[in-house]
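**Student:** Contents of protein-v6.json (JSON, C-alpha atoms):
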[["chain", "number", "residue", "atom", "x", "y", "z"],
["A", 1, "MET", "CA", -12.03, -12.95, -21.58],
["A", 2, "SER", "CA", -9.10, -14.05, -19.41],
["A", 3, "ALA", "CA", -8.91, -13.15, -15.72],
["A", 4, "THR", "CA", -6.71, -10.30, -14.53],
["A", 5, "ASN", "CA", -3.23, -11.57, -13.67],
["A", 6, "ILE", "CA", -1.92, -10.38, -10.30],
["A", 7, "VAL", "CA", 1.49, -11.04, -8.72],
["A", 8, "VAL", "CA", 1.97, -10.75, -4.96],
["A", 9, "LEU", "CA", 5.66, -9.93, -4.64],
["A", 10, "ASP", "CA", 7.49, -12.38, -2.37],
["A", 11, "TYR", "CA", 10.47, -10.63, -0.82],
["A", 12, "GLY", "CA", 10.30, -12.27, 2.58],
["A", 13, "SER", "CA", 7.76, -9.89, 4.14],
["A", 14, "GLY", "CA", 4.02, -9.65, 4.43],
["A", 15, "ASN", "CA", 0.97, -11.84, 4.73],
["A", 16, "LEU", "CA", 1.53, -13.42, 1.34],
["A", 17, "ARG", "CA", -0.97, -16.26, 1.41],
["A", 18, "SER", "CA", -3.77, -14.25, 3.01],
["A", 19, "ALA", "CA", -3.22, -11.54, 0.39],
["A", 20, "GLN", "CA", -3.27, -14.20, -2.33],
["A", 21, "ARG", "CA", -6.53, -15.69, -1.06],
["A", 22, "ALA", "CA", -8.19, -12.28, -0.73],
["A", 23, "LEU", "CA", -7.19, -11.33, -4.28],
["A", 24, "GLU", "CA", -8.32, -14.68, -5.66],
["A", 25, "ARG", "CA", -11.79, -13.96, -4.29],
["A", 26, "THR", "CA", -11.99, -11.03, -6.71],
["A", 27, "GLY", "CA", -11.75, -13.50, -9.60],
["A", 28, "ALA", "CA", -8.15, -12.64, -10.45],
["A", 29, "ASP", "CA", -5.44, -15.17, -11.25],
["A", 30, "VAL", "CA", -2.91, -14.66, -8.46],
["A", 31, "ALA", "CA", 0.68, -15.86, -8.11],
["A", 32, "VAL", "CA", 3.06, -15.35, -5.18],
["A", 33, "THR", "CA", 6.56, -15.04, -6.58],
["A", 34, "SER", "CA", 9.84, -13.13, -6.49],
["A", 35, "ASP", "CA", 10.45, -13.75, -10.20],
["A", 36, "PHE", "CA", 11.52, -10.47, -11.80],
["A", 37, "ASN", "CA", 9.84, -10.94, -15.17],
["A", 38, "SER", "CA", 6.59, -12.30, -13.76],
["A", 39, "ALA", "CA", 6.32, -9.34, -11.38],
["A", 40, "LEU", "CA", 7.20, -6.91, -14.15],
["A", 41, "GLU", "CA", 4.73, -8.29, -16.69],
["A", 42, "ALA", "CA", 1.68, -8.98, -14.50],
["A", 43, "ASP", "CA", -1.46, -6.89, -14.99],
["A", 44, "GLY", "CA", -1.16, -5.79, -11.37],
["A", 45, "LEU", "CA", 1.55, -6.04, -8.69],
["A", 46, "VAL", "CA", 0.81, -6.16, -4.96],
["A", 47, "VAL", "CA", 3.64, -5.30, -2.54],
["A", 48, "PRO", "CA", 2.77, -6.38, 1.02],
["A", 49, "GLY", "CA", 4.95, -5.72, 4.03],
["A", 50, "VAL", "CA", 5.17, -6.22, 7.78],
["A", 51, "GLY", "CA", 7.83, -5.41, 10.36],
["A", 52, "ALA", "CA", 10.58, -2.82, 10.21],
["A", 53, "PHE", "CA", 10.97, -0.35, 7.33],
["A", 54, "ALA", "CA", 14.71, -0.97, 6.88],
["A", 55, "ALA", "CA", 14.36, -4.76, 6.92],
["A", 56, "CYS", "CA", 11.59, -4.60, 4.31],
["A", 57, "MET", "CA", 13.76, -2.44, 2.08],
["A", 58, "ASP", "CA", 16.64, -4.90, 2.41],
["A", 59, "GLY", "CA", 14.37, -7.75, 1.36],
["A", 60, "LEU", "CA", 12.87, -5.73, -1.46],
["A", 61, "ARG", "CA", 16.27, -4.81, -2.89],
["A", 62, "ALA", "CA", 17.40, -8.44, -2.65],
["A", 63, "VAL", "CA", 14.80, -9.40, -5.27],
["A", 64, "HIS", "CA", 15.19, -6.09, -7.19],
["A", 65, "GLY", "CA", 11.70, -5.12, -6.10],
["A", 66, "ASP", "CA", 12.53, -1.44, -6.11],
["A", 67, "ARG", "CA", 13.51, -1.73, -9.79],
["A", 68, "ILE", "CA", 10.37, -3.70, -10.57],
["A", 69, "ILE", "CA", 8.17, -1.04, -8.97],
["A", 70, "GLY", "CA", 10.00, 1.78, -10.75],
["A", 71, "ARG", "CA", 9.83, 0.12, -14.16],
["A", 72, "ARG", "CA", 6.17, -0.77, -13.78],
["A", 73, "LEU", "CA", 5.25, 2.79, -12.84],
["A", 74, "ALA", "CA", 7.32, 4.21, -15.68],
["A", 75, "GLY", "CA", 5.06, 2.22, -17.99],
["A", 76, "GLY", "CA", 1.87, 3.12, -16.15],
["A", 77, "ARG", "CA", 1.37, -0.43, -14.84],
["A", 78, "PRO", "CA", -0.60, -0.73, -11.57],
["A", 79, "VAL", "CA", 1.07, -1.33, -8.21],
["A", 80, "LEU", "CA", -0.67, -1.67, -4.83],
["A", 81, "GLY", "CA", 1.34, -1.39, -1.59],
["A", 82, "ILE", "CA", -0.04, -2.73, 1.70],
["A", 83, "CYS", "CA", 1.02, -1.68, 5.25],
["A", 84, "VAL", "CA", 4.84, -1.44, 5.26],
["A", 85, "GLY", "CA", 4.50, -2.04, 1.52],
["A", 86, "MET", "CA", 2.93, 1.43, 1.48],
["A", 87, "GLN", "CA", 5.55, 2.97, 3.76],
["A", 88, "ILE", "CA", 8.53, 1.89, 1.65],
["A", 89, "LEU", "CA", 7.12, 3.81, -1.31],
["A", 90, "PHE", "CA", 8.15, 7.04, 0.44],
["A", 91, "GLU", "CA", 11.64, 8.55, 0.40],
["A", 92, "ARG", "CA", 12.68, 7.44, 3.87],
["A", 93, "GLY", "CA", 11.63, 5.85, 7.12],
["A", 94, "VAL", "CA", 12.82, 6.68, 10.64],
["A", 95, "GLU", "CA", 12.59, 4.01, 13.34],
["A", 96, "PHE", "CA", 14.30, 4.26, 16.73],
["A", 97, "GLY", "CA", 16.33, 7.18, 15.43],
["A", 98, "VAL", "CA", 17.67, 5.19, 12.48],
["A", 99, "GLU", "CA", 16.89, 6.56, 9.03],
["A", 100, "ALA", "CA", 16.57, 4.25, 6.03],
["A", 101, "ASP", "CA", 16.03, 5.05, 2.37],
["A", 102, "GLY", "CA", 12.79, 3.92, 0.76],
["A", 103, "CYS", "CA", 11.84, 3.56, -2.90],
["A", 104, "GLY", "CA", 11.35, 7.32, -3.28],
["A", 105, "GLU", "CA", 8.23, 7.10, -5.41],
["A", 106, "TRP", "CA", 6.67, 9.69, -3.11],
["A", 107, "PRO", "CA", 8.50, 12.41, -1.16],
["A", 108, "GLY", "CA", 8.31, 12.41, 2.59],
["A", 109, "THR", "CA", 9.24, 10.48, 5.71],
["A", 110, "VAL", "CA", 7.51, 7.65, 7.54],
["A", 111, "SER", "CA", 7.74, 8.25, 11.28],
["A", 112, "ARG", "CA", 6.36, 7.07, 14.62],
["A", 113, "LEU", "CA", 2.77, 8.00, 15.41],
["A", 114, "ASP", "CA", 2.25, 10.41, 18.29],
["A", 115, "ALA", "CA", -0.28, 8.30, 20.19],
["A", 116, "PRO", "CA", -0.70, 7.18, 23.81],
["A", 117, "VAL", "CA", -1.04, 3.53, 22.77],
["A", 118, "LEU", "CA", 1.10, 1.83, 20.14],
["A", 119, "PRO", "CA", 0.90, -0.11, 18.00],
["A", 120, "HIS", "CA", -2.30, 1.15, 16.44],
["A", 121, "MET", "CA", -3.96, -2.26, 16.32],
["A", 122, "GLY", "CA", -7.56, -2.91, 15.40],
["A", 123, "TRP", "CA", -10.42, -1.40, 13.47],
["A", 124, "ASN", "CA", -10.63, 2.24, 12.48],
["A", 125, "THR", "CA", -12.60, 4.44, 10.13],
["A", 126, "VAL", "CA", -10.99, 6.40, 7.30],
["A", 127, "ASP", "CA", -11.76, 9.68, 5.58],
["A", 128, "ALA", "CA", -11.68, 8.95, 1.85],
["A", 129, "PRO", "CA", -12.20, 11.53, -0.91],
["A", 130, "THR", "CA", -15.34, 11.36, -3.03],
["A", 131, "ASP", "CA", -13.34, 10.69, -6.20],
["A", 132, "SER", "CA", -11.58, 7.62, -4.76],
["A", 133, "THR", "CA", -11.48, 4.48, -6.90],
["A", 134, "LEU", "CA", -10.43, 2.19, -4.05],
["A", 135, "PHE", "CA", -13.29, 3.24, -1.77],
["A", 136, "LYS", "CA", -16.00, 3.50, -4.43],
["A", 137, "GLY", "CA", -19.30, 2.17, -3.09],
["A", 138, "ILE", "CA", -17.92, 1.66, 0.44],
["A", 139, "ASP", "CA", -19.85, 3.31, 3.26],
["A", 140, "PRO", "CA", -17.85, 6.16, 4.88],
["A", 141, "ALA", "CA", -18.49, 4.66, 8.32],
["A", 142, "THR", "CA", -16.77, 1.41, 7.34],
["A", 143, "ARG", "CA", -13.84, 0.29, 9.50],
["A", 144, "PHE", "CA", -10.60, -1.27, 8.26],
["A", 145, "TYR", "CA", -8.00, -3.29, 10.14],
["A", 146, "PHE", "CA", -4.71, -1.60, 11.07],
["A", 147, "VAL", "CA", -1.55, -2.92, 12.73],
["A", 148, "HIS", "CA", 1.26, -0.34, 12.80],
["A", 149, "SER", "CA", 3.20, 2.14, 14.88],
["A", 150, "TYR", "CA", 4.62, 4.19, 12.00],
["A", 151, "ALA", "CA", 3.01, 6.02, 9.08],
["A", 152, "ALA", "CA", 3.35, 8.89, 6.64],
["A", 153, "GLN", "CA", 1.76, 11.81, 8.44],
["A", 154, "THR", "CA", 2.06, 14.50, 5.78],
["A", 155, "TRP", "CA", 1.74, 14.65, 2.01],
["A", 156, "GLU", "CA", 4.59, 16.59, 0.42],
["A", 157, "MET", "CA", 3.96, 16.16, -3.30],
["A", 158, "ASP", "CA", 2.83, 19.31, -5.11],
["A", 159, "ASN", "CA", 0.83, 18.60, -8.27],
["A", 160, "VAL", "CA", 0.39, 22.25, -9.19],
["A", 161, "GLY", "CA", 1.46, 22.62, -12.80],
["A", 162, "SER", "CA", 1.82, 18.86, -13.22],
["A", 163, "PRO", "CA", 0.08, 17.06, -16.10],
["A", 164, "LEU", "CA", -0.78, 14.28, -13.63],
["A", 165, "ALA", "CA", -4.05, 14.37, -11.73],
["A", 166, "ALA", "CA", -3.82, 15.29, -8.08],
["A", 167, "PRO", "CA", -3.63, 12.17, -5.90],
["A", 168, "ALA", "CA", -6.62, 10.95, -3.92],
["A", 169, "LEU", "CA", -5.56, 10.99, -0.26],
["A", 170, "THR", "CA", -7.37, 9.06, 2.46],
["A", 171, "TRP", "CA", -6.67, 9.93, 6.10],
["A", 172, "ALA", "CA", -7.21, 8.29, 9.48],
["A", 173, "GLU", "CA", -6.44, 9.21, 13.08],
["A", 174, "HIS", "CA", -4.77, 7.44, 15.96],
["A", 175, "GLY", "CA", -3.32, 9.99, 18.30],
["A", 176, "SER", "CA", -2.22, 11.93, 15.24],
["A", 177, "ARG", "CA", -3.51, 12.17, 11.69],
["A", 178, "PHE", "CA", -1.87, 9.89, 9.13],
["A", 179, "LEU", "CA", -2.28, 8.71, 5.57],
["A", 180, "ALA", "CA", -4.47, 5.60, 5.43],
["A", 181, "ALA", "CA", -4.34, 5.30, 1.64],
["A", 182, "VAL", "CA", -2.98, 7.05, -1.44],
["A", 183, "GLU", "CA", -4.11, 6.74, -5.06],
["A", 184, "ASN", "CA", -1.63, 8.39, -7.40],
["A", 185, "GLY", "CA", -1.96, 7.32, -11.02],
["A", 186, "ALA", "CA", -0.85, 3.72, -11.39],
["A", 187, "LEU", "CA", 0.45, 3.65, -7.81],
["A", 188, "SER", "CA", -1.95, 2.97, -4.95],
["A", 189, "ALA", "CA", -1.34, 1.93, -1.35],
["A", 190, "THR", "CA", -3.13, 1.30, 1.94],
["A", 191, "GLN", "CA", -1.70, 1.53, 5.45],
["A", 192, "PHE", "CA", -4.38, -0.87, 6.69],
["A", 193, "HIS", "CA", -4.66, -4.53, 5.68],
["A", 194, "PRO", "CA", -7.49, -5.05, 3.16],
["A", 195, "GLU", "CA", -6.88, -8.80, 3.29],
["A", 196, "LYS", "CA", -7.74, -8.70, 7.03],
["A", 197, "SER", "CA", -10.61, -6.22, 6.73],
["A", 198, "GLY", "CA", -13.47, -8.59, 5.94],
["A", 199, "ASP", "CA", -16.09, -7.61, 3.39],
["A", 200, "ALA", "CA", -14.89, -4.01, 3.23],
["A", 201, "GLY", "CA", -11.36, -5.08, 2.38],
["A", 202, "ALA", "CA", -12.68, -7.51, -0.21],
["A", 203, "GLU", "CA", -14.68, -4.73, -1.84],
["A", 204, "LEU", "CA", -11.64, -2.45, -1.91],
["A", 205, "LEU", "CA", -9.56, -5.16, -3.59],
["A", 206, "ARG", "CA", -12.35, -5.76, -6.11],
["A", 207, "ASN", "CA", -12.31, -2.05, -6.88],
["A", 208, "TRP", "CA", -8.57, -2.10, -7.43],
["A", 209, "VAL", "CA", -8.59, -5.22, -9.60],
["A", 210, "GLY", "CA", -11.57, -3.85, -11.52],
["A", 211, "SER", "CA", -9.67, -0.64, -12.26],
["A", 212, "ILE", "CA", -6.97, -2.70, -13.98],
["A", 213, "ALA", "CA", -9.26, -4.61, -16.34]]
Could you rewrite the structure in this file as structure tokens?

**Tutor:**
Amino acid sequence: MSATNIVVLDYGSGNLRSAQRALERTGADVAVTSDFNSALEADGLVVPGVGAFAACMDGLRAVHGDRIIGRRLAGGRPVLGICVGMQILFERGVEFGVEADGCGEWPGTVSRLDAPVLPHMGWNTVDAPTDSTLFKGIDPATRFYFVHSYAAQTWEMDNVGSPLAAPALTWAEHGSRFLAAVENGALSATQFHPEKSGDAGAELLRNWVGSIA
């Protein structure tokens, strides 16, 4: 049986090589590329991201990453966003009063955390639902590594009457409550960095890759 094929999307943002190494430890075959067809056809696509929301969106559009994500999800093909790679999945981001459009896969706005100290940098616990795939087998007291000042702080999607299962939402707190992870059909994302979160992050990535196989 061949290994799961994962593409880490290279659009000029994110910890590409550390994400690649972390995913390779799950046993997956991992490529870092901006190639449209490779990203579209891979078993799983990882979209990392660091820095400003608007700059990440500019880079993503430059390699047609927004189209890749949309087409993959239309076909039920797994996508995992990390850090700003999670934020850009929402409709918009607001930084320093400037609003930028995101991919619009989820409704809502990414905004500045209301916290006495920013960025939120370091280890923090999360509150994951019992039906989570990403956090399966991970102790609830486990800490993950965050580096961010902005986040989605509400969930605006209403699944009432929808044939899709309700999303699994994982929350964390730093000054205010924010979304630490979302699992919504083929689309998953984490605000923290699993590739920097030691054994816990490795286990989460194994869970995600395992859900693809």

**Student:** Write out as a ChimeraX atom specification each polymer residue whose atoms come within 7 Å of Pro48 (chain A), counting all atoms listed in the file; drop sequence neighbours fewer than 3 positions from it.

**Tutor:** /A:13-15,81-85

**Student:** So which residues touch Asp139 (chain A) within 12 Å, counting all atoms listed in the file, skipping near sequence neighbours fewer than 2 positions away, as a ChimeraX atom specification?

**Tutor:** /A:125-130,134-137,141-144,199-201,203-204

**Student:** Between A:Leu73, A:Thr170, A:Ala55, A:Leu118, which residue has the minimum interatomic distance to Ile88 (chain A), considering all atoms listed in the file?

**Tutor:**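 The shortest atom-to-atom distance to Ile88 (chain A) comes from A:Ala55.
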
**Student:** Please check which residues have atoms at most 8 Å from (6.0, 4.5, -1.6) in the file's coordinates, counting all atoms listed in the file, and write them as a PyMOL selection string.

**Tutor:** chain A and resi 81+85-91+102-106+189

**Student:** Just give me the gap between CA of Ser18 (chain A) and CA of Ala54 (chain A) in Å, one decimal is fine.

**Tutor:**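 That distance, rounded to one decimal, is 23.1 Å.
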
**Student:** I'd like to know which of A:Thr133, A:Gln153, A:Asn37, A:Thr190 is closest to Phe178 (chain A), using only C-alpha atoms.

**Tutor:**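 Among A:Thr133, A:Gln153, A:Asn37, A:Thr190, it is A:Gln153 that comes nearest to Phe178 (chain A).
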